[in-house]
file model-v4.txt (compact mmCIF, C-alpha atoms and all ligand atoms)
# COMPACT_ATOMS: atom_id res chain seq x y z
CA MET A 1 7.15 35.43 -7.46
CA VAL A 2 6.46 38.44 -5.27
CA LEU A 3 6.36 38.22 -1.49
CA PRO A 4 2.94 36.97 -0.42
CA ALA A 5 0.96 38.34 2.53
CA ASP A 6 1.60 36.69 5.89
CA ARG A 7 -0.93 34.27 7.42
CA GLY A 8 0.10 34.43 11.05
CA PRO A 9 3.07 35.06 13.35
CA ALA A 10 5.50 32.48 11.89
CA SER A 11 5.04 33.55 8.26
CA ALA A 12 5.08 37.21 9.37
CA ALA A 13 8.47 36.68 11.06
CA LEU A 14 9.85 34.99 7.93
CA LEU A 15 8.53 37.70 5.60
CA ASP A 16 10.07 40.37 7.85
CA ILE A 17 13.44 38.65 7.47
CA LEU A 18 13.13 38.15 3.72
CA SER A 19 12.05 41.73 3.08
CA GLY A 20 15.00 42.98 5.13
CA GLU A 21 12.76 44.65 7.67
CA ALA A 22 14.04 42.81 10.68
CA ASP A 23 16.98 40.72 11.81
CA ALA A 24 14.46 38.35 13.33
CA ALA A 25 16.07 34.89 13.38
CA GLY A 26 15.20 34.53 17.05
CA THR A 27 11.62 35.61 16.48
CA LEU A 28 11.25 33.16 13.59
CA ALA A 29 12.47 30.24 15.73
CA ALA A 30 10.12 31.19 18.57
CA GLU A 31 7.10 31.69 16.32
CA VAL A 32 7.69 28.42 14.46
CA SER A 33 7.90 26.61 17.82
CA ALA A 34 4.70 28.24 19.03
CA ALA A 35 2.89 27.47 15.77
CA LEU A 36 4.04 23.82 15.78
CA GLU A 37 2.89 23.43 19.38
CA SER A 38 -0.52 24.98 18.88
CA THR A 39 -1.51 23.78 15.41
CA PRO A 40 -4.50 21.44 15.38
CA ASP A 41 -3.42 20.08 11.96
CA ILE A 42 -0.24 21.09 10.17
CA VAL A 43 -1.57 20.01 6.76
CA PHE A 44 -4.33 22.62 6.95
CA ASP A 45 -2.32 25.26 8.85
CA ASP A 46 -2.09 28.43 6.74
CA ASP A 47 0.71 30.02 8.74
CA LEU A 48 3.01 26.98 8.71
CA GLN A 49 2.32 25.88 5.14
CA LEU A 50 2.93 29.40 3.81
CA THR A 51 6.13 29.64 5.84
CA LEU A 52 7.33 26.34 4.37
CA PHE A 53 6.26 27.34 0.87
CA CYS A 54 8.29 30.58 1.03
CA LEU A 55 11.32 28.77 2.45
CA TYR A 56 11.18 26.30 -0.45
CA GLU A 57 10.69 29.06 -3.00
CA LEU A 58 14.22 30.25 -2.18
CA HIS A 59 15.46 27.00 -3.80
CA TYR A 60 13.43 27.48 -6.99
CA GLY A 61 12.94 30.72 -8.86
CA GLY A 62 13.48 32.87 -5.79
CA ILE A 63 11.34 35.73 -4.52
CA ARG A 64 11.45 39.19 -6.09
CA ASP A 65 13.66 41.68 -4.20
CA VAL A 66 14.75 38.96 -1.76
CA SER A 67 18.47 38.14 -1.61
CA ASP A 68 19.46 34.72 -2.94
CA ASP A 69 21.78 34.43 0.06
CA TRP A 70 18.83 33.44 2.24
CA GLU A 71 18.66 30.07 0.48
CA TRP A 72 21.45 28.61 2.65
CA ASP A 73 20.96 30.72 5.78
CA THR A 74 21.26 28.36 8.73
CA ALA A 75 18.46 29.97 10.79
CA LEU A 76 16.05 29.61 7.86
CA LEU A 77 17.17 26.03 7.17
CA ALA A 78 16.65 25.19 10.85
CA ALA A 79 13.10 26.56 10.74
CA ARG A 80 12.45 24.63 7.52
CA GLY A 81 13.74 21.42 9.06
CA ARG A 82 11.48 21.69 12.08
CA ILE A 83 8.35 22.30 10.03
CA GLU A 84 9.32 19.47 7.67
CA ARG A 85 9.78 16.96 10.48
CA ALA A 86 6.33 17.75 11.89
CA PHE A 87 4.75 17.69 8.41
CA GLU A 88 6.33 14.35 7.50
CA ALA A 89 5.41 12.82 10.86
CA ALA A 90 1.79 13.95 10.47
CA LEU A 91 1.58 12.34 7.03
CA ARG A 92 3.28 9.11 8.07
CA ALA A 93 0.82 8.81 10.95
CA ARG A 94 -2.23 9.42 8.79
CA VAL A 95 -1.67 8.03 5.30
CA PRO A 96 -2.44 4.32 4.91
CA LEU A 97 0.05 2.46 2.72
CA PRO A 98 -0.80 -0.07 0.06
CA GLU A 99 0.11 -3.66 0.88
CA ARG A 100 3.81 -4.28 0.31
CA PRO A 101 4.58 -6.12 -2.96
CA GLU A 102 7.63 -8.28 -3.71
CA PRO A 103 10.63 -6.04 -4.36
CA THR A 104 10.62 -6.70 -8.12
CA ALA A 105 9.88 -4.13 -10.81
CA LYS A 106 6.97 -6.18 -12.08
CA ALA A 107 5.31 -6.55 -8.69
CA VAL A 108 5.91 -2.91 -7.72
CA ALA A 109 4.38 -1.66 -10.99
CA ALA A 110 1.39 -3.97 -10.60
CA ARG A 111 0.79 -2.82 -7.02
CA LEU A 112 1.07 0.87 -7.99
CA PHE A 113 -1.39 0.42 -10.86
CA GLU A 114 -3.81 -1.41 -8.57
CA PHE A 115 -3.45 1.21 -5.84
CA THR A 116 -3.84 4.25 -8.10
CA ALA A 117 -6.86 2.70 -9.84
CA ALA A 118 -8.54 2.20 -6.48
CA ASP A 119 -8.25 5.88 -5.48
CA THR A 120 -11.77 6.58 -4.30
CA GLY A 121 -11.66 10.30 -3.50
CA PRO A 122 -14.18 12.68 -5.10
CA SER A 123 -13.49 13.09 -8.78
CA MET A 124 -12.60 16.62 -9.76
CA SER A 125 -12.11 15.55 -13.38
CA ARG A 126 -15.61 14.09 -13.73
CA PHE A 127 -17.08 17.21 -12.13
CA VAL A 128 -15.16 19.50 -14.49
CA ALA A 129 -16.13 17.33 -17.48
CA LYS A 130 -19.85 17.44 -16.76
CA LYS A 131 -20.88 20.21 -14.37
CA ALA A 132 -18.35 22.89 -13.44
CA THR A 133 -19.20 26.50 -14.29
CA HIS A 134 -16.76 28.84 -15.99
CA GLU A 135 -16.04 30.43 -12.62
CA GLN A 136 -15.37 27.07 -10.97
CA VAL A 137 -13.00 26.12 -13.78
CA ALA A 138 -11.15 29.41 -13.26
CA GLU A 139 -10.84 28.57 -9.55
CA PHE A 140 -9.68 25.05 -10.34
CA LEU A 141 -6.98 26.41 -12.67
CA THR A 142 -5.98 28.97 -10.02
CA LEU A 143 -5.51 26.22 -7.43
CA ARG A 144 -3.54 24.07 -9.88
CA SER A 145 -1.36 26.96 -11.02
CA ILE A 146 0.71 26.88 -7.83
CA TYR A 147 2.23 23.58 -8.90
CA THR A 148 1.69 23.60 -12.65
CA LEU A 149 3.60 26.82 -13.36
CA LYS A 150 6.68 25.00 -12.07
CA GLU A 151 5.51 21.58 -13.23
CA ALA A 152 8.21 18.90 -13.07
CA ASP A 153 10.72 21.06 -11.16
CA PRO A 154 10.25 19.45 -7.70
CA HIS A 155 10.79 15.96 -9.14
CA SER A 156 13.94 17.07 -10.94
CA TRP A 157 15.71 17.34 -7.57
CA ALA A 158 15.74 13.54 -7.56
CA ILE A 159 17.80 13.11 -10.74
CA PRO A 160 21.30 13.20 -9.20
CA ARG A 161 20.12 10.98 -6.36
CA LEU A 162 19.18 8.05 -8.56
CA SER A 163 21.27 5.83 -10.80
CA GLY A 164 20.91 3.26 -13.55
CA ARG A 165 17.49 2.28 -14.83
CA ALA A 166 15.54 4.49 -12.42
CA LYS A 167 17.59 7.56 -13.31
CA ALA A 168 17.28 6.98 -17.08
CA ALA A 169 13.53 6.58 -16.65
CA LEU A 170 13.15 9.77 -14.61
CA VAL A 171 15.24 11.76 -17.09
CA GLU A 172 13.22 10.42 -20.02
CA ILE A 173 10.00 11.56 -18.33
CA GLN A 174 11.41 14.94 -17.33
CA ALA A 175 12.83 15.61 -20.81
CA ASP A 176 9.30 15.21 -22.17
CA GLU A 177 7.86 17.41 -19.38
CA TYR A 178 10.35 20.09 -20.36
CA GLY A 179 9.31 19.98 -24.00
CA GLY A 180 12.01 17.74 -25.49
CA GLY A 181 14.26 20.73 -26.07
CA ARG A 182 11.52 23.06 -27.33
CA PRO A 183 10.79 25.76 -24.73
CA THR A 184 7.31 26.47 -26.12
CA ARG A 185 6.34 22.82 -25.51
CA MET A 186 7.34 22.78 -21.84
CA HIS A 187 4.30 21.76 -19.86
CA SER A 188 4.80 24.73 -17.54
CA ALA A 189 4.74 26.93 -20.67
CA ILE A 190 1.60 25.38 -22.18
CA PHE A 191 -0.47 25.77 -19.02
CA PRO A 192 -0.35 29.61 -19.17
CA ARG A 193 -2.32 29.41 -22.43
CA THR A 194 -5.13 27.68 -20.55
CA MET A 195 -4.91 30.23 -17.73
CA SER A 196 -5.03 33.18 -20.09
CA ALA A 197 -8.02 31.72 -21.92
CA ALA A 198 -9.80 31.54 -18.55
CA GLY A 199 -8.99 35.20 -17.85
CA LEU A 200 -6.24 34.45 -15.33
CA ASP A 201 -2.79 35.98 -14.94
CA PRO A 202 -0.22 33.25 -15.69
CA ALA A 203 2.72 34.97 -13.97
CA TYR A 204 4.29 32.57 -11.47
CA GLY A 205 3.07 33.08 -7.91
CA THR A 206 0.25 35.52 -8.70
CA TYR A 207 -2.28 33.41 -6.83
CA VAL A 208 -0.28 32.21 -3.84
CA ASP A 209 -2.31 34.52 -1.58
CA ALA A 210 -5.54 33.12 -3.01
CA VAL A 211 -5.02 29.41 -2.30
CA PRO A 212 -5.72 27.56 0.96
CA ALA A 213 -3.12 25.84 3.14
CA VAL A 214 -3.85 22.35 1.83
CA THR A 215 -3.02 23.45 -1.72
CA LEU A 216 0.32 24.79 -0.51
CA ALA A 217 0.75 21.52 1.41
CA SER A 218 0.33 19.48 -1.78
CA VAL A 219 3.21 21.41 -3.40
CA ASN A 220 5.32 21.55 -0.22
CA LEU A 221 5.07 17.79 -0.02
CA ILE A 222 6.81 17.37 -3.38
CA SER A 223 9.49 19.92 -2.51
CA MET A 224 10.14 18.12 0.78
CA PHE A 225 10.43 14.74 -0.95
CA GLY A 226 12.61 16.21 -3.69
CA LEU A 227 15.01 18.13 -1.47
CA HIS A 228 15.90 15.25 0.84
CA ARG A 229 18.10 12.47 -0.45
CA ARG A 230 16.72 10.35 2.40
CA LEU A 231 13.27 10.62 0.77
CA ARG A 232 14.32 9.66 -2.78
CA GLY A 233 12.00 6.67 -2.60
CA ALA A 234 9.10 8.95 -1.74
CA ILE A 235 9.74 11.43 -4.57
CA VAL A 236 9.84 8.55 -7.04
CA GLY A 237 6.63 7.07 -5.64
CA HIS A 238 5.00 10.50 -5.79
CA LEU A 239 5.86 11.04 -9.44
CA ALA A 240 4.74 7.53 -10.35
CA ALA A 241 1.35 8.07 -8.71
CA TYR A 242 1.03 11.49 -10.40
CA GLU A 243 1.71 10.05 -13.84
CA MET A 244 -0.57 7.08 -13.23
CA THR A 245 -3.54 9.26 -12.31
CA SER A 246 -3.20 11.78 -15.12
CA SER A 247 -3.99 10.55 -18.62
CA VAL A 248 -7.64 9.60 -18.07
CA PRO A 249 -8.49 12.69 -15.90
CA SER A 250 -6.72 14.94 -18.41
CA ARG A 251 -9.12 13.77 -21.12
CA LEU A 252 -12.04 14.67 -18.83
CA TYR A 253 -10.57 18.12 -18.06
CA GLY A 254 -10.21 18.72 -21.79
CA ASP A 255 -13.83 17.64 -22.29
CA GLY A 256 -14.96 20.07 -19.59
CA LEU A 257 -13.08 22.97 -21.15
CA ARG A 258 -14.51 22.14 -24.59
CA ARG A 259 -18.01 21.97 -23.08
CA LEU A 260 -17.50 25.52 -21.80
CA GLY A 261 -16.36 26.73 -25.22
CA PHE A 262 -12.58 26.83 -24.72
CA ASP A 263 -10.63 26.45 -27.97
CA GLN A 264 -7.91 23.98 -28.93
CA ASP A 265 -5.13 26.26 -27.80
CA ALA A 266 -6.70 26.42 -24.33
CA THR A 267 -7.20 22.63 -24.10
CA TRP A 268 -3.71 21.86 -25.46
CA TYR A 269 -2.30 21.42 -21.95
CA TYR A 270 -4.80 18.68 -21.14
CA ASP A 271 -4.77 17.09 -24.60
CA GLU A 272 -0.98 16.91 -24.36
CA HIS A 273 -1.20 15.15 -20.98
CA VAL A 274 -3.56 12.48 -22.29
CA GLU A 275 -0.88 11.26 -24.68
CA ALA A 276 2.22 12.15 -22.66
CA ASP A 277 1.16 10.61 -19.38
CA ALA A 278 0.02 7.38 -21.03
CA VAL A 279 3.70 7.07 -22.00
CA HIS A 280 5.07 8.36 -18.70
CA GLU A 281 2.99 6.11 -16.46
CA GLN A 282 4.51 2.96 -17.95
CA ILE A 283 8.06 4.28 -17.61
CA ALA A 284 7.34 5.65 -14.13
CA ALA A 285 5.78 2.49 -12.74
CA HIS A 286 8.00 -0.18 -14.24
CA ASP A 287 11.34 1.46 -14.92
CA MET A 288 11.54 4.34 -12.43
CA ALA A 289 9.70 3.02 -9.33
CA GLY A 290 10.25 -0.66 -10.15
CA GLY A 291 13.85 -0.03 -11.19
CA LEU A 292 14.58 1.89 -7.99
CA VAL A 293 13.15 -0.82 -5.75
CA GLU A 294 15.15 -3.52 -7.55
CA ALA A 295 18.32 -1.46 -7.08
CA GLU A 296 17.51 -0.40 -3.50
CA PRO A 297 14.92 -2.75 -1.98
CA ALA A 298 15.09 -0.88 1.33
CA LEU A 299 13.31 2.05 -0.35
CA LEU A 300 10.17 0.05 -1.14
CA ASP A 301 8.14 1.40 1.77
CA ASP A 302 9.06 4.99 0.92
CA VAL A 303 8.04 4.50 -2.72
CA LEU A 304 4.64 3.37 -1.46
CA PHE A 305 4.53 6.24 1.06
CA GLY A 306 5.31 8.84 -1.61
CA ALA A 307 2.57 7.51 -3.87
CA ALA A 308 0.01 7.27 -1.07
CA ALA A 309 0.87 10.66 0.49
CA GLY A 310 0.60 12.47 -2.84
CA LEU A 311 -2.82 11.02 -3.58
CA ALA A 312 -3.99 11.61 0.00
CA VAL A 313 -3.04 15.30 0.18
CA ASP A 314 -4.45 15.97 -3.29
CA GLY A 315 -7.59 14.14 -2.23
CA TRP A 316 -7.96 16.37 0.86
CA ALA A 317 -7.50 19.46 -1.31
CA THR A 318 -10.15 18.21 -3.74
CA GLU A 319 -12.57 17.46 -0.89
CA ARG A 320 -12.13 20.99 0.39
CA THR A 321 -12.75 22.51 -3.03
CA MET A 322 -15.82 20.38 -3.72
CA ALA A 323 -17.27 21.12 -0.26
CA ALA A 324 -16.88 24.87 -0.83
CA TRP A 325 -18.57 24.65 -4.23
CA ALA A 326 -21.37 22.43 -2.88
CA ALA A 327 -22.05 25.13 -0.27
CA GLY A 328 -22.19 27.78 -2.99
CA ASP A 329 -18.88 29.30 -1.84
CA SER A 330 -15.58 30.06 -3.51
CA ALA A 331 -12.80 27.49 -3.08
CA LEU A 332 -10.27 30.32 -2.82
CA ARG A 333 -9.28 32.42 0.18
CA THR A 334 -9.65 35.60 -1.83
CA PRO A 335 -12.25 34.90 -4.50
CA ALA A 336 -11.95 38.41 -5.93
CA ALA A 337 -8.48 37.49 -7.12
CA VAL A 338 -9.77 35.63 -10.16
CA ARG A 339 -12.69 37.79 -11.15
CA MET B 1 24.09 14.85 -37.78
CA SER B 2 26.10 16.86 -40.25
CA ASP B 3 29.06 14.50 -40.10
CA ALA B 4 27.06 11.38 -40.90
CA VAL B 5 27.91 10.16 -44.41
CA GLY B 6 25.62 8.74 -47.05
CA THR B 7 22.52 8.75 -44.89
CA GLY B 8 18.95 8.69 -45.94
CA ALA B 9 16.49 10.38 -43.61
CA GLY B 10 15.61 7.08 -41.99
CA ASP B 11 19.01 6.07 -40.76
CA ALA B 12 20.51 9.42 -39.86
CA GLY B 13 21.68 9.48 -36.30
CA ALA B 14 21.18 5.83 -35.59
CA ARG B 15 24.84 4.89 -35.86
CA ASN B 16 25.78 7.78 -33.62
CA ARG B 17 23.66 6.52 -30.79
CA THR B 18 25.21 3.10 -30.71
CA GLY B 19 28.69 2.95 -29.26
CA PRO B 20 31.16 0.08 -29.17
CA GLY B 21 29.85 -2.79 -27.09
CA ASP B 22 26.42 -1.16 -26.89
CA ALA B 23 23.76 -3.77 -27.41
CA ASP B 24 20.98 -1.22 -27.85
CA GLN B 25 19.05 -1.52 -31.05
CA ASP B 26 18.13 1.44 -33.23
CA VAL B 27 14.46 0.93 -32.54
CA VAL B 28 13.15 -0.76 -29.44
CA ILE B 29 9.55 -1.70 -28.74
CA VAL B 30 8.74 -2.53 -25.13
CA ALA B 31 5.58 -4.53 -24.45
CA TYR B 32 4.31 -3.43 -21.05
CA PRO B 33 2.02 -5.88 -19.25
CA ASP B 34 -1.69 -5.00 -19.47
CA GLY B 35 -0.79 -1.82 -21.37
CA PRO B 36 0.64 -0.31 -24.55
CA PHE B 37 3.76 -0.84 -26.61
CA LEU B 38 6.35 1.85 -25.97
CA VAL B 39 8.40 2.71 -29.03
CA ARG B 40 11.81 4.34 -28.78
CA GLY B 41 13.96 5.18 -31.75
CA ASP B 42 13.81 6.52 -35.23
CA VAL B 43 10.74 4.92 -36.74
CA ALA B 44 8.11 6.43 -39.02
CA ILE B 45 4.46 5.91 -38.14
CA THR B 46 2.17 6.34 -41.13
CA ALA B 47 -1.35 5.77 -42.35
CA PRO B 48 -1.80 2.96 -44.92
CA ASP B 49 -1.32 5.48 -47.74
CA GLY B 50 1.98 6.62 -46.27
CA THR B 51 0.71 9.87 -44.75
CA PRO B 52 2.83 10.45 -41.66
CA VAL B 53 1.09 10.26 -38.29
CA GLU B 54 2.27 13.30 -36.37
CA ARG B 55 4.63 12.31 -33.59
CA THR B 56 5.45 15.01 -31.06
CA ARG B 57 7.59 13.12 -28.57
CA ALA B 58 10.69 10.95 -28.62
CA THR B 59 9.03 7.94 -26.99
CA VAL B 60 5.45 7.05 -27.91
CA ALA B 61 2.93 4.55 -26.54
CA LEU B 62 0.98 2.61 -29.15
CA CYS B 63 -2.45 1.35 -28.14
CA ARG B 64 -2.89 -2.40 -28.20
CA CYS B 65 -6.19 -2.68 -26.36
CA GLY B 66 -8.02 -1.12 -29.30
CA LYS B 67 -10.02 1.35 -27.20
CA SER B 68 -7.89 4.49 -27.17
CA THR B 69 -9.56 7.70 -28.33
CA ILE B 70 -6.28 8.94 -29.83
CA LYS B 71 -5.22 5.86 -31.81
CA PRO B 72 -2.66 4.79 -32.80
CA PHE B 73 -1.46 6.23 -29.47
CA CYS B 74 -2.50 5.02 -26.01
CA ASP B 75 -4.60 7.33 -23.82
CA GLY B 76 -4.79 5.15 -20.72
CA THR B 77 -8.23 3.72 -21.54
CA HIS B 78 -6.83 0.18 -21.26
CA LYS B 79 -6.93 0.65 -17.47
CA LEU B 80 -10.65 1.40 -17.50
CA ILE B 81 -11.57 -1.70 -19.50
CA GLY B 82 -9.44 -4.17 -17.54
CA PHE B 83 -7.27 -4.98 -20.57
CA ARG B 84 -5.01 -7.99 -19.90
CA THR B 85 -2.04 -9.08 -21.95
CA GLU B 86 -0.88 -11.96 -19.86
CA PRO B 87 -2.39 -15.36 -20.44
CA GLN B 88 -4.78 -16.31 -17.67
CA LEU B 89 -3.73 -19.26 -15.59
CA PRO B 90 -5.84 -22.39 -16.07
CA GLY B 91 -8.47 -22.46 -13.35
CA ASP B 92 -8.32 -18.67 -12.82
CA PRO B 93 -11.93 -17.63 -12.22
CA ALA B 94 -11.35 -14.50 -14.31
CA ALA B 95 -10.31 -16.60 -17.32
S1 LIG C 401 -3.34 0.26 -24.77
FE1 LIG C 401 -3.69 2.10 -23.67
S2 LIG C 401 -5.56 2.79 -24.47
FE2 LIG C 401 -5.22 0.96 -25.58

call {"tool": "encode", "arguments": {"input": "model-v4.txt", "output": "structure tokens", "more": "lines below"}}
Ligand code: FES
result
Amino acid sequence: MVLPADRGPASAALLDILSGEADAAGTLAAEVSAALESTPDIVFDDDLQLTLFCLYELHYGGIRDVSDDWEWDTALLAARGRIERAFEAALRARVPLPERPEPTAKAVAARLFEFTAADTGPSMSRFVAKKATHEQVAEFLTLRSIYTLKEADPHSWAIPRLSGRAKAALVEIQADEYGGGRPTRMHSAIFPRTMSAAGLDPAYGTYVDAVPAVTLASVNLISMFGLHRRLRGAIVGHLAAYEMTSSVPSRLYGDGLRRLGFDQDATWYYDEHVEADAVHEQIAAHDMAGGLVEAEPALLDDVLFGAAAGLAVDGWATERTMAAWAAGDSALRTPAAVR
Amino acid sequence: MSDAVGTGAGDAGARNRTGPGDADQDVVIVAYPDGPFLVRGDVAITAPDGTPVERTRATVALCRCGKSTIKPFCDGTHKLIGFRTEPQLPGDPAA
């Protein structure tokens, strides 16, 4: 991706460093401190979430014209760690956990299915199926593109941190996400067809400037879970909840796109997820999450936390989008970006 | 597998997956509670007249609640209809 525009003093200090304009490690530390002290809510804080997003991006595909050496720079890692600790603490304080099941695969899977079925947030998929306009669908795809163009990557960090049944399950899911050896079937490669059909630019990172903090937070959350061995329970819980809330909504998204006249090539991404995630959710709940808890019962609470935090942050993002649309506004920061 | 000898299409590869002491079967069907059958392994899925049902992934979920919109595959609808595979306990009010 290309360097985004800053959203305040902390992200400005980071972008100055990354673009080689300033040797500003001291400024970055000071601005991150100031931002952490003054933020009313880190989940919705543009400056801090963009800073974290850019720091994580160094571990993925990198940022154009930015040296790969920054990935392991200790000043940047220190800034990342401080934002992460505040972000994680905010979520742990706010996200209610499902009741703790017995630490058996069967009980964990049953509790996750019960919990994900009870998710009561506003339904984006029903809205897209029945009511969304072409413009709203384009905004929805824009918001989703931040994660979907690197779909599966954040969860792949967990592979070397698991073993046995849970690892085999995660790898089986990820192999399917990555197209089973066929690059054109990778989910992150199918989604661009949907974006193009909606008139959007599918290049990775094009719309980072256009999306609000909470959308960045929903992706940062997965990177944080994935990049910390300590949080391997949470990344597994997050993926399980993702897979378990995907097949039915994907059918509704496909219906919405068909209603608006999109062709089969454009709906492929969603049609594919109807079938794929009906497979993945079983493996994810029973074998990956259940298998992990049987192997490491101490991780049970983090599995539940990962599942609950993922649904909560996505729910807040959906609430924000729906509220903007209900008020007749754009859900994006820079609506012109998608016109 | 080019080094497999005397194979028909159906059994190619199967012997290569199973090592000494490996109890794995060539085809495994897992019955998940309140959900589909997951099928792993080299098995053909066809219509009654033998026409192959297109299979695009290594592991597939076969619907057993009867309500999927993409039969024979599962689409998650079983969750919406409260499909149960486990026998209800006597005296369970839901039974
Ligand atoms: S078993 Fe899943 S839809 Fe029938």

call {"tool": "residues_near_ligand", "arguments": {"input": "model-v4.txt", "ligand": "ligand LIG 401 (chain C)", "cutoff": "10 Å", "atoms": "all atoms listed in the file", "output": "number ranges by chain"}}
result
A: 247-248, 275, 278-279; B: 32-38, 61-81, 83-85

call {"tool": "closest_atom_pairs", "arguments": {"input": "model-v4.txt", "of": "chain A", "to": "chain B", "cutoff": "10 Å", "atoms": "all atoms listed in the file", "output": "JSON lines"}}
result
{"residue": "A:Lys106", "atom": "CA", "partner": "B:Pro33", "partner_atom": "CA", "distance": 8.7}
{"residue": "A:Ala109", "atom": "CA", "partner": "B:Pro33", "partner_atom": "CA", "distance": 9.6}
{"residue": "A:Ala110", "atom": "CA", "partner": "B:Pro33", "partner_atom": "CA", "distance": 8.9}
{"residue": "A:Phe113", "atom": "CA", "partner": "B:Lys79", "partner_atom": "CA", "distance": 8.6}
{"residue": "A:Glu114", "atom": "CA", "partner": "B:Lys79", "partner_atom": "CA", "distance": 9.7}
{"residue": "A:Ala117", "atom": "CA", "partner": "B:Lys79", "partner_atom": "CA", "distance": 7.9}
{"residue": "A:Glu172", "atom": "CA", "partner": "B:Thr59", "partner_atom": "CA", "distance": 8.5}
{"residue": "A:Ile173", "atom": "CA", "partner": "B:Thr59", "partner_atom": "CA", "distance": 9.4}
{"residue": "A:Ala175", "atom": "CA", "partner": "B:Ala58", "partner_atom": "CA", "distance": 9.3}
{"residue": "A:Asp176", "atom": "CA", "partner": "B:Arg57", "partner_atom": "CA", "distance": 6.9}
{"residue": "A:Gly179", "atom": "CA", "partner": "B:Arg57", "partner_atom": "CA", "distance": 8.4}
{"residue": "A:Gly180", "atom": "CA", "partner": "B:Arg57", "partner_atom": "CA", "distance": 7.1}
{"residue": "A:Arg185", "atom": "CA", "partner": "B:Thr56", "partner_atom": "CA", "distance": 9.6}
{"residue": "A:Met244", "atom": "CA", "partner": "B:Gly76", "partner_atom": "CA", "distance": 8.8}
{"residue": "A:Thr245", "atom": "CA", "partner": "B:Gly76", "partner_atom": "CA", "distance": 9.4}
{"residue": "A:Ser246", "atom": "CA", "partner": "B:Gly76", "partner_atom": "CA", "distance": 8.8}
{"residue": "A:Ser247", "atom": "CA", "partner": "B:Gly76", "partner_atom": "CA", "distance": 5.8}
{"residue": "A:Val248", "atom": "CA", "partner": "B:Gly76", "partner_atom": "CA", "distance": 5.9}
{"residue": "A:Pro249", "atom": "CA", "partner": "B:Gly76", "partner_atom": "CA", "distance": 9.7}
{"residue": "A:Ser250", "atom": "CA", "partner": "B:Asp75", "partner_atom": "CA", "distance": 9.6}
{"residue": "A:Arg251", "atom": "CA", "partner": "B:Asp75", "partner_atom": "CA", "distance": 8.3}
{"residue": "A:Asp271", "atom": "CA", "partner": "B:Asp75", "partner_atom": "CA", "distance": 9.8}
{"residue": "A:Glu272", "atom": "CA", "partner": "B:Thr56", "partner_atom": "CA", "distance": 9.5}
{"residue": "A:His273", "atom": "CA", "partner": "B:Asp75", "partner_atom": "CA", "distance": 9.0}
{"residue": "A:Val274", "atom": "CA", "partner": "B:Asp75", "partner_atom": "CA", "distance": 5.5}
{"residue": "A:Glu275", "atom": "CA", "partner": "B:Asp75", "partner_atom": "CA", "distance": 5.5}
{"residue": "A:Ala276", "atom": "CA", "partner": "B:Val60", "partner_atom": "CA", "distance": 8.0}
{"residue": "A:Asp277", "atom": "CA", "partner": "B:Asp75", "partner_atom": "CA", "distance": 8.0}
{"residue": "A:Ala278", "atom": "CA", "partner": "B:Gly76", "partner_atom": "CA", "distance": 5.3}
{"residue": "A:Val279", "atom": "CA", "partner": "B:Ala61", "partner_atom": "CA", "distance": 5.2}
{"residue": "A:His280", "atom": "CA", "partner": "B:Ala61", "partner_atom": "CA", "distance": 9.0}
{"residue": "A:Glu281", "atom": "CA", "partner": "B:Gly76", "partner_atom": "CA", "distance": 8.9}
{"residue": "A:Gln282", "atom": "CA", "partner": "B:Tyr32", "partner_atom": "CA", "distance": 7.1}
{"residue": "A:Ile283", "atom": "CA", "partner": "B:Leu38", "partner_atom": "CA", "distance": 8.9}
{"residue": "A:His286", "atom": "CA", "partner": "B:Tyr32", "partner_atom": "CA", "distance": 8.4}

call {"tool": "residues_around", "arguments": {"input": "model-v4.txt", "residues": "stretch 252-254 of chain A", "least_positions_apart": "3", "cutoff": "9 Å", "atoms": "only C-alpha atoms", "output": "number ranges by chain"}}
result
A: 124-130, 248-249, 257-259, 262, 266-271

call {"tool": "closest_residue", "arguments": {"input": "model-v4.txt", "among": "A:Leu221, A:Val137, A:Ala35, A:Leu239", "to": "A:Arg82", "atoms": "all atoms listed in the file"}}
result
A:Ala35

call {"tool": "closest_residue", "arguments": {"input": "model-v4.txt", "among": "A:Ile42, A:Ala132, A:Leu260, A:Leu15", "to": "A:Val313", "atoms": "all atoms listed in the file"}}
result
A:Ile42

call {"tool": "residues_around", "arguments": {"input": "model-v4.txt", "residues": "A:Leu3", "least_positions_apart": "4", "cutoff": "9 Å", "atoms": "all atoms listed in the file", "output": "PDB file with C-alpha atoms, in the frame of the given file"}}
result
ATOM      1  CA  LEU A  15       8.530  37.700   5.600  1.00  0.00           C
ATOM      2  CA  LEU A  18      13.130  38.150   3.720  1.00  0.00           C
ATOM      3  CA  SER A  19      12.050  41.730   3.080  1.00  0.00           C
ATOM      4  CA  CYS A  54       8.290  30.580   1.030  1.00  0.00           C
ATOM      5  CA  ILE A  63      11.340  35.730  -4.520  1.00  0.00           C
ATOM      6  CA  ARG A  64      11.450  39.190  -6.090  1.00  0.00           C
ATOM      7  CA  ASP A  65      13.660  41.680  -4.200  1.00  0.00           C
ATOM      8  CA  VAL A  66      14.750  38.960  -1.760  1.00  0.00           C
ATOM      9  CA  GLY A 205       3.070  33.080  -7.910  1.00  0.00           C
TER      10      GLY A 205
END

call {"tool": "atom_distance", "arguments": {"input": "model-v4.txt", "atom1": "atom CA of A:Gly81", "atom2": "atom CA of A:Leu231"}}
result
13.6 Å

call {"tool": "residues_around", "arguments": {"input": "model-v4.txt", "residues": "stretch 40-51 of chain B", "least_positions_apart": "6", "cutoff": "6 Å", "atoms": "only C-alpha atoms", "output": "PDB file with C-alpha atoms, keeping the file's coordinate frame"}}
result
ATOM      1  CA  ASP B  26      18.130   1.440 -33.230  1.00  0.00           C
ATOM      2  CA  VAL B  27      14.460   0.930 -32.540  1.00  0.00           C
ATOM      3  CA  VAL B  28      13.150  -0.760 -29.440  1.00  0.00           C
ATOM      4  CA  THR B  59       9.030   7.940 -26.990  1.00  0.00           C
TER       5      THR B  59
END
